[in-house]
>>> print(open('my_file-v3.cif').read())   # mmCIF, C-alpha atoms
data_structure
#
loop_
_atom_site.label_atom_id
_atom_site.label_comp_id
_atom_site.auth_asym_id
_atom_site.auth_seq_id
_atom_site.Cartn_x
_atom_site.Cartn_y
_atom_site.Cartn_z
CA MET A 1 -80.81 66.57 -141.77
CA ILE A 2 -78.00 67.91 -139.56
CA ARG A 3 -75.44 65.90 -141.52
CA HIS A 4 -76.79 67.15 -144.85
CA THR A 5 -76.88 70.80 -143.72
CA LEU A 6 -73.40 70.74 -142.18
CA ASN A 7 -71.92 68.84 -145.12
CA GLU A 8 -73.13 71.49 -147.57
CA HIS A 9 -71.97 74.27 -145.25
CA ILE A 10 -68.49 72.83 -144.76
CA GLU A 11 -68.06 72.23 -148.50
CA SER A 12 -68.98 75.88 -149.04
CA ILE A 13 -66.51 77.05 -146.38
CA ASN A 14 -63.71 74.93 -147.86
CA SER A 15 -64.26 76.54 -151.27
CA LEU A 16 -63.64 80.04 -149.88
CA LYS A 17 -60.48 81.94 -148.98
CA PRO A 18 -60.06 81.84 -145.17
CA ILE A 19 -60.83 85.03 -143.24
CA THR A 20 -57.65 86.01 -141.42
CA ASN A 21 -58.33 89.58 -140.29
CA THR A 22 -61.84 90.55 -139.30
CA HIS A 23 -60.69 94.08 -138.36
CA GLU A 24 -60.61 95.06 -142.05
CA TYR A 25 -64.41 94.80 -142.31
CA ILE A 26 -66.54 97.92 -142.60
CA TYR A 27 -70.05 97.40 -141.25
CA PHE A 28 -72.80 99.30 -143.08
CA VAL A 29 -76.16 99.87 -141.40
CA LYS A 30 -79.27 101.74 -142.47
CA ALA A 31 -79.58 105.40 -141.51
CA GLY A 32 -81.38 105.81 -138.21
CA ALA A 33 -80.71 102.25 -137.06
CA SER A 34 -80.75 101.75 -133.31
CA ASN A 35 -77.66 100.72 -131.36
CA SER A 36 -79.05 97.20 -130.94
CA GLN A 37 -79.52 96.91 -134.72
CA LYS A 38 -75.95 98.12 -135.31
CA GLN A 39 -74.56 95.62 -132.82
CA LYS A 40 -76.57 92.81 -134.44
CA THR A 41 -75.24 93.74 -137.92
CA LYS A 42 -71.68 93.79 -136.62
CA LYS A 43 -72.08 90.48 -134.81
CA ASP A 44 -73.55 88.77 -137.91
CA ASN A 45 -70.47 89.75 -139.94
CA LEU A 46 -67.82 88.61 -137.47
CA SER A 47 -65.82 85.46 -138.13
CA HIS A 48 -67.22 82.16 -136.93
CA LEU A 49 -65.59 78.94 -135.75
CA LEU A 50 -64.86 77.71 -139.28
CA SER A 51 -63.89 80.99 -140.93
CA ASN A 52 -60.08 80.73 -140.61
CA GLY A 53 -59.66 77.44 -142.45
CA ASN A 54 -60.52 75.76 -145.73
CA ASP A 55 -59.44 72.19 -145.06
CA TRP A 56 -62.26 71.15 -142.73
CA LYS A 57 -63.15 67.46 -142.48
CA PHE A 58 -66.37 66.15 -141.06
CA ILE A 59 -67.68 62.82 -139.76
CA VAL A 60 -70.95 61.84 -138.10
CA ASP A 61 -71.66 58.79 -135.96
CA LEU A 62 -74.49 57.14 -137.88
CA PRO A 63 -75.25 53.47 -138.63
CA ASP A 64 -74.24 53.82 -142.29
CA THR A 65 -70.92 55.50 -141.45
CA ASN A 66 -67.59 53.80 -140.82
CA TYR A 67 -66.86 56.01 -137.85
CA VAL A 68 -63.33 56.20 -136.47
CA PHE A 69 -62.23 59.10 -134.29
CA PRO A 70 -59.48 60.94 -136.24
CA PRO A 71 -56.31 58.99 -135.31
CA GLU A 72 -54.07 61.92 -136.23
CA ILE A 73 -55.65 63.83 -133.35
CA TYR A 74 -55.97 61.22 -130.61
CA SER A 75 -56.42 57.49 -130.18
CA THR A 76 -59.70 56.77 -128.40
CA ASN A 77 -62.75 54.54 -128.44
CA GLU A 78 -65.01 57.50 -127.75
CA ARG A 79 -67.51 58.32 -130.50
CA PRO A 80 -68.78 61.91 -130.29
CA ASP A 81 -71.81 62.38 -132.54
CA ILE A 82 -70.08 64.89 -134.81
CA CYS A 83 -66.39 65.67 -135.35
CA ILE A 84 -65.22 68.65 -137.41
CA TRP A 85 -61.49 69.33 -137.67
CA SER A 86 -58.83 71.31 -139.52
CA ALA A 87 -55.27 69.98 -139.70
CA LYS A 88 -53.92 73.41 -140.68
CA LEU A 89 -55.44 75.14 -137.68
CA LYS A 90 -55.10 72.15 -135.33
CA LYS A 91 -58.69 72.86 -134.39
CA LEU A 92 -61.24 70.20 -133.36
CA LEU A 93 -64.96 70.74 -132.82
CA LEU A 94 -66.97 68.01 -131.12
CA ILE A 95 -70.77 68.14 -131.12
CA GLU A 96 -72.99 65.91 -129.00
CA LEU A 97 -76.70 65.54 -129.74
CA THR A 98 -79.29 64.64 -127.10
CA CYS A 99 -83.09 64.30 -127.19
CA PRO A 100 -84.16 64.39 -123.51
CA ALA A 101 -87.46 65.31 -121.91
CA GLU A 102 -87.80 69.09 -121.94
CA GLU A 103 -87.39 69.33 -118.17
CA GLY A 104 -84.13 67.39 -118.41
CA ILE A 105 -82.36 69.49 -121.06
CA GLU A 106 -79.95 71.19 -118.67
CA ALA A 107 -79.11 67.90 -116.96
CA ALA A 108 -78.50 66.29 -120.36
CA ARG A 109 -76.11 69.08 -121.30
CA ILE A 110 -74.14 68.71 -118.09
CA ARG A 111 -74.04 64.92 -118.48
CA LYS A 112 -72.60 65.17 -121.99
CA GLN A 113 -70.05 67.79 -120.94
CA SER A 114 -68.92 65.62 -118.04
CA ARG A 115 -68.65 62.53 -120.23
CA TYR A 116 -66.33 64.16 -122.75
CA LEU A 117 -64.34 66.35 -120.38
CA PRO A 118 -61.56 63.71 -119.98
CA LEU A 119 -61.23 63.41 -123.76
CA ILE A 120 -61.02 67.18 -124.16
CA GLU A 121 -58.38 67.41 -121.43
CA ASN A 122 -56.33 64.51 -122.83
CA ILE A 123 -56.27 66.02 -126.32
CA SER A 124 -55.34 69.45 -124.94
CA ASN A 125 -52.57 68.07 -122.72
CA THR A 126 -50.95 65.65 -125.17
CA SER A 127 -51.10 67.47 -128.50
CA LEU A 128 -51.19 70.84 -130.23
CA TRP A 129 -54.83 70.40 -131.10
CA LYS A 130 -57.39 72.83 -129.67
CA PRO A 131 -60.62 70.92 -128.94
CA THR A 132 -64.01 72.48 -128.30
CA LEU A 133 -67.11 70.59 -127.15
CA MET A 134 -70.60 71.85 -127.98
CA THR A 135 -73.95 70.25 -127.22
CA VAL A 136 -77.22 70.22 -129.14
CA GLU A 137 -80.45 69.45 -127.30
CA VAL A 138 -83.92 68.93 -128.78
CA GLY A 139 -86.70 67.98 -126.37
CA VAL A 140 -88.84 64.91 -127.04
CA ARG A 141 -91.90 67.16 -127.44
CA GLY A 142 -90.15 69.35 -129.98
CA PHE A 143 -88.63 72.14 -127.90
CA VAL A 144 -85.27 73.24 -129.32
CA ALA A 145 -82.89 74.64 -126.69
CA SER A 146 -81.51 78.13 -127.29
CA SER A 147 -78.01 76.68 -126.99
CA THR A 148 -78.77 74.57 -130.06
CA HIS A 149 -79.43 77.69 -132.12
CA GLN A 150 -76.17 79.17 -130.83
CA VAL A 151 -74.12 76.12 -131.86
CA PHE A 152 -75.25 76.38 -135.48
CA LEU A 153 -74.71 80.15 -135.53
CA LYS A 154 -71.19 79.68 -134.15
CA LEU A 155 -70.49 77.31 -137.03
CA GLY A 156 -71.35 80.09 -139.45
CA LEU A 157 -74.81 79.06 -140.64
CA GLN A 158 -77.07 81.96 -141.58
CA ARG A 159 -79.94 82.75 -139.24
CA LYS A 160 -82.52 81.66 -141.83
CA GLN A 161 -80.72 78.34 -142.22
CA VAL A 162 -80.59 77.85 -138.46
CA SER A 163 -84.27 78.65 -138.10
CA ALA A 164 -85.23 76.20 -140.87
CA LEU A 165 -82.99 73.46 -139.47
CA CYS A 166 -84.28 73.87 -135.91
CA ASN A 167 -87.88 73.78 -137.15
CA LYS A 168 -87.16 70.45 -138.87
CA LEU A 169 -85.47 69.10 -135.74
CA SER A 170 -88.45 70.13 -133.65
CA THR A 171 -90.96 68.49 -135.99
CA THR A 172 -88.88 65.32 -136.29
CA ALA A 173 -88.53 64.90 -132.52
CA ALA A 174 -92.23 65.47 -131.93
CA LYS A 175 -93.32 63.05 -134.67
CA CYS A 176 -90.92 60.34 -133.51
CA SER A 177 -92.14 60.70 -129.93
CA TYR A 178 -95.75 60.43 -131.11
CA ALA A 179 -94.93 57.27 -133.09
CA ILE A 180 -93.39 55.74 -129.97
CA TYR A 181 -96.44 56.76 -127.93
CA LEU A 182 -98.79 55.06 -130.40
CA ALA A 183 -96.74 51.87 -130.11
CA ALA A 184 -96.78 51.90 -126.30
CA ASN A 185 -99.05 48.86 -126.06
CA SER A 186 -97.32 46.85 -128.79
CA LYS A 187 -95.89 43.55 -127.60
CA LEU A 188 -93.27 43.51 -130.35
CA TRP A 189 -91.03 46.32 -131.56
CA ASP A 190 -89.27 46.18 -134.91
CA GLU A 191 -86.02 48.02 -134.23
CA ASN A 192 -85.25 48.14 -137.96
CA ARG A 193 -88.45 49.98 -138.81
CA PRO A 194 -87.90 53.75 -139.20
CA LEU A 195 -90.08 56.02 -137.10
CA LEU A 196 -90.48 58.37 -140.07
CA SER A 197 -90.75 57.49 -143.76
CA SER A 198 -87.64 57.86 -145.90
CA ASP A 199 -89.27 60.63 -147.96
CA TYR A 200 -89.68 62.87 -144.89
CA PRO A 201 -87.87 66.17 -145.76
#
>>> encode(input="my_file-v3.cif", output="structure tokens")
Amino acid sequence: MIRHTLNEHIESINSLKPITNTHEYIYFVKAGASNSQKQKTKKDNLSHLLSNGNDWKFIVDLPDTNYVFPPEIYSTNERPDICIWSAKLKKLLLIELTCPAEEGIEAARIRKQSRYLPLIENISNTSLWKPTLMTVEVGVRGFVASSTHQVFLKLGLQRKQVSALCNKLSTTAAKCSYAIYLAANSKLWDENRPLLSSDYP
């Protein structure tokens, strides 16, 4: 579901003229709006991480994908879950997904950041590319970390889209965990059997 949502979003971004000067925007708010409402309106209209380019490419590390880290950026065996990059902007976004126990979300985030820190530093020190690492955490019981919402907002998804996506992620994690729980006493585990049916939205 993340791949599908981001793929549609990136295709939409690539079809638009890049935003190059956000200072030309005029922000309209309803009469009598509070300062917090005005700030929220202004923030929602500011450029996001993808707004200055229209040549974004996108790969996801999934079993049905021939995943190779973009060789034009850096040669590595590392396989971040999601890579989004623009050759024009020399901008690289790496996204790592984790599904830890709720009490281990912060530790999972730190672990992922530490794992990919050498890659980020090597790319920064040996090329003109500007890499950014972001992490997405969804707890095994369905709790979606606030940082996960922020990642999708930074990519330019609308708040309604982010809310819908995070709700699906929450439900998926919880249902998969429940399926594993029900199979706790099974002596055999079919690793090729999906935890959710293929028609799950």
>>> closest_residue(input="my_file-v3.cif", among="A:Lys91, A:Arg141, A:Phe69, A:Arg109", to="A:Ile180", atoms="only C-alpha atoms")
A:Arg141
>>> residues_around(input="my_file-v3.cif", residues="A:Met1", least_positions_apart="4", cutoff="9 Å", atoms="only C-alpha atoms", output="ChimeraX atom specification")
/A:5-6,165,168-169,201
>>> resolve_selection(input="my_file-v3.cif", expression="the PyMOL selection byres ((chain A and resi 98) around 9)", output="list of chain:residue names")
A:Glu96, A:Leu97, A:Cys99, A:Pro100, A:Ile105, A:Ala108, A:Arg109, A:Lys112, A:Thr135, A:Val136, A:Glu137, A:Val138, A:Gly139
>>> write_last_selection(input="my_file-v3.cif", atoms="C-alpha atoms", output="PDB file, in the coordinates of the input")
ATOM      1  CA  GLU A  96     -72.990  65.910-129.000  1.00  0.00           C
ATOM      2  CA  LEU A  97     -76.700  65.540-129.740  1.00  0.00           C
ATOM      3  CA  CYS A  99     -83.090  64.300-127.190  1.00  0.00           C
ATOM      4  CA  PRO A 100     -84.160  64.390-123.510  1.00  0.00           C
ATOM      5  CA  ILE A 105     -82.360  69.490-121.060  1.00  0.00           C
ATOM      6  CA  ALA A 108     -78.500  66.290-120.360  1.00  0.00           C
ATOM      7  CA  ARG A 109     -76.110  69.080-121.300  1.00  0.00           C
ATOM      8  CA  LYS A 112     -72.600  65.170-121.990  1.00  0.00           C
ATOM      9  CA  THR A 135     -73.950  70.250-127.220  1.00  0.00           C
ATOM     10  CA  VAL A 136     -77.220  70.220-129.140  1.00  0.00           C
ATOM     11  CA  GLU A 137     -80.450  69.450-127.300  1.00  0.00           C
ATOM     12  CA  VAL A 138     -83.920  68.930-128.780  1.00  0.00           C
ATOM     13  CA  GLY A 139     -86.700  67.980-126.370  1.00  0.00           C
TER      14      GLY A 139
END
>>> closest_residue(input="my_file-v3.cif", among="A:Val144, A:Leu119, A:Leu195, A:Ile110", to="A:Asn77", atoms="all atoms listed in the file")
A:Leu119
>>> atom_distance(input="my_file-v3.cif", atom1="atom CA of A:Asp190", atom2="atom CA of A:Gly104")
27.4 Å
>>> closest_atom_pairs(input="my_file-v3.cif", of="stretch 75-154 of chain A", to="stretch 48-63 of chain A", cutoff="8 Å", atoms="all atoms listed in the file", output="CSV")
residue,atom,partner,partner_atom,distance
A:Arg79,CA,A:Asp61,CA,6.9
A:Pro80,CA,A:Asp61,CA,7.1
A:Asp81,CA,A:Asp61,CA,5.0
A:Ile82,CA,A:Val60,CA,4.6
A:Cys83,CA,A:Ile59,CA,5.4
A:Ile84,CA,A:Phe58,CA,4.6
A:Trp85,CA,A:Lys57,CA,5.4
A:Ser86,CA,A:Trp56,CA,4.7
A:Ala87,CA,A:Asp55,CA,7.1
A:Lys88,CA,A:Asp55,CA,7.2
A:Leu89,CA,A:Gly53,CA,6.8
A:Leu153,CA,A:His48,CA,7.9
A:Lys154,CA,A:His48,CA,5.4
>>> write_last_selection(input="my_file-v3.cif", atoms="C-alpha atoms", output="short mmCIF file (atom, residue, chain, number, x, y, z; two decimals), in the coordinates of the input")
data_model
loop_
_atom_site.label_atom_id
_atom_site.label_comp_id
_atom_site.auth_asym_id
_atom_site.auth_seq_id
_atom_site.Cartn_x
_atom_site.Cartn_y
_atom_site.Cartn_z
CA ARG A 79 -67.51 58.32 -130.50
CA PRO A 80 -68.78 61.91 -130.29
CA ASP A 81 -71.81 62.38 -132.54
CA ILE A 82 -70.08 64.89 -134.81
CA CYS A 83 -66.39 65.67 -135.35
CA ILE A 84 -65.22 68.65 -137.41
CA TRP A 85 -61.49 69.33 -137.67
CA SER A 86 -58.83 71.31 -139.52
CA ALA A 87 -55.27 69.98 -139.70
CA LYS A 88 -53.92 73.41 -140.68
CA LEU A 89 -55.44 75.14 -137.68
CA LEU A 153 -74.71 80.15 -135.53
CA LYS A 154 -71.19 79.68 -134.15
#
>>> residues_around(input="my_file-v3.cif", residues="A:Ser170", least_positions_apart="2", cutoff="7 Å", atoms="all atoms listed in the file", output="JSON, numbers by chain")
{"A": [138, 142, 143, 144, 166, 167, 168, 172, 173, 174]}
>>> atom_distance(input="my_file-v3.cif", atom1="atom CA of A:Arg115", atom2="atom CA of A:Ile95")
12.4 Å
>>> atom_distance(input="my_file-v3.cif", atom1="atom CA of A:Thr132", atom2="atom CA of A:Asn14")
19.7 Å
>>> resolve_selection(input="my_file-v3.cif", expression="the PyMOL selection byres ((chain A and resi 120) around 10)", output="compact mmCIF listing (two decimals) with C-alpha atoms, in the coordinates of the input")
# COMPACT_ATOMS: atom_id res chain seq x y z
CA LEU A 92 -61.24 70.20 -133.36
CA LEU A 94 -66.97 68.01 -131.12
CA GLN A 113 -70.05 67.79 -120.94
CA ARG A 115 -68.65 62.53 -120.23
CA TYR A 116 -66.33 64.16 -122.75
CA LEU A 117 -64.34 66.35 -120.38
CA PRO A 118 -61.56 63.71 -119.98
CA LEU A 119 -61.23 63.41 -123.76
CA GLU A 121 -58.38 67.41 -121.43
CA ASN A 122 -56.33 64.51 -122.83
CA ILE A 123 -56.27 66.02 -126.32
CA SER A 124 -55.34 69.45 -124.94
CA ASN A 125 -52.57 68.07 -122.72
CA TRP A 129 -54.83 70.40 -131.10
CA LYS A 130 -57.39 72.83 -129.67
CA PRO A 131 -60.62 70.92 -128.94
CA THR A 132 -64.01 72.48 -128.30
CA LEU A 133 -67.11 70.59 -127.15
